[in-house]
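Participant: Before I ask anything, here is the structure I am working with.
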Amino acid sequence: MGKKRITELGGEQNDSSDAGAFRAAVRDVKPLVQVAPPKGLAKHAPGGRLRRTATSVTENLDDMMPLIATRSSDGDASDEAASRENAAAGSAALSFHRAGVRVQVMRRLRRGLYPTEDELDLHGLTQTAARDSLADFIARSRDSGRRCVRIIHGKGYRSAARGAVLKTAVDLWLRRHTDVMAFTSARAIDGGTGAVYVLLRG
């Protein structure tokens, strides 16, 4: 018992001397001065990305995926809009690839040899609604790790004098979207020239 009490007392003395030594060591330490962050820097939300405002999202879409002009009732259209509509009219096949995409990849994409992991149907939507849906769909597909998706845009047969508006718009939007590496019109069984296979950036 006596030895145990001596050991315990010795331990208490050691603890006390350690605390005193620590206080002596940090006696001259001064707390850091809190500096305000520079003005203009946005604070990051904890545990997530900054949410962009609806205005900034719309402005970005207007730059990257602009709405196209459509023919008026008397058939007039801008030269650019008319040429695009002619290129993407009705049964015309669409095809696009960025530099670096190999010929073999395009051949496989055209033949439908890449499994489509999701699809988006734009039938019956206005240009604005279609653009918003397409932008959201591509973002979600990229976040989910999908590589190949199918977009159904239709052939514009019901648009009468306006031409293939959605098909023309999708052709433009996909070419300008930085997450799109390539696209081509689908096989007949998957919608033919009324749909495209889209290869997303990996």
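Following the order of the structure tokens, first chain is A, next is B, and so on, with residues numbered from 1 inside each chain and ligands from 1 in the order they appear.
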Which neighbours of Thr126 (chain A) fall inside 10 Å, counting only C-alpha atoms, when residues of the same chain fewer than 5 positions from it are skipped, and could you give them as a VMD selection string?
Facilitator: chain A and resid 131 to 132 165 to 166
Participant: Quick one: write out the picked residues with N, CA, C and O atoms as a CSV table (one decimal), in the first residue's frame?
Facilitator:
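The resulting file, again_2.csv, is shown below:
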```
chain,number,residue,atom,x,y,z
A,131,ARG,N,-33.9,23.5,-74.3
A,131,ARG,CA,-32.5,23.9,-74.0
A,131,ARG,C,-32.2,23.7,-72.5
A,131,ARG,O,-31.2,23.1,-72.1
A,132,ASP,N,-33.2,24.1,-71.6
A,132,ASP,CA,-33.0,23.9,-70.2
A,132,ASP,C,-32.9,22.4,-69.8
A,132,ASP,O,-32.1,22.0,-69.0
A,165,VAL,N,-37.1,22.8,-86.1
A,165,VAL,CA,-36.6,23.8,-85.1
A,165,VAL,C,-35.7,23.1,-84.1
A,165,VAL,O,-34.6,23.4,-83.8
A,166,LEU,N,-36.3,22.1,-83.4
A,166,LEU,CA,-35.6,21.5,-82.3
A,166,LEU,C,-34.4,20.7,-82.8
A,166,LEU,O,-33.3,20.7,-82.2
```
Participant: Extract, using only C-alpha atoms, all DNA, RNA and protein residues at most 9 Å from Tyr114 (chain A), discarding same-chain residues fewer than 6 positions from it, and format them as JSON, numbers by chain.
Facilitator: {"A": [108, 147, 148, 197, 199]}
Participant: Take CA of Ala195 (chain A) and CA of Ala93 (chain A) and report the distance between them in Å, one decimal.
Facilitator: 9.4 Å
Participant: Closest to Gly156 (chain A) among A:His123, A:His97, A:Arg187, A:Arg107, using only C-alpha atoms?
Facilitator: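 For Gly156 (chain A), the nearest of the candidates is A:His123.
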Participant: Quick one: pull the distance between CA of Val180 (chain A) and CA of Ala99 (chain A), Å, one decimal.
Facilitator: 11.8 Å
Participant: Among region 133-189 of chain A, which ones does DSSP assign to strand (DSSP E or B) (computed from the backbone)? Answer as a ChimeraX atom specification.
Facilitator: /A:148-152,180-185
Participant: From the set A:Val101, A:Ala169, A:Asp143, A:Leu122, which residue has the shortest atom-to-atom contact distance to Met181 (chain A), counting only C-alpha atoms?
Facilitator: A:Val101
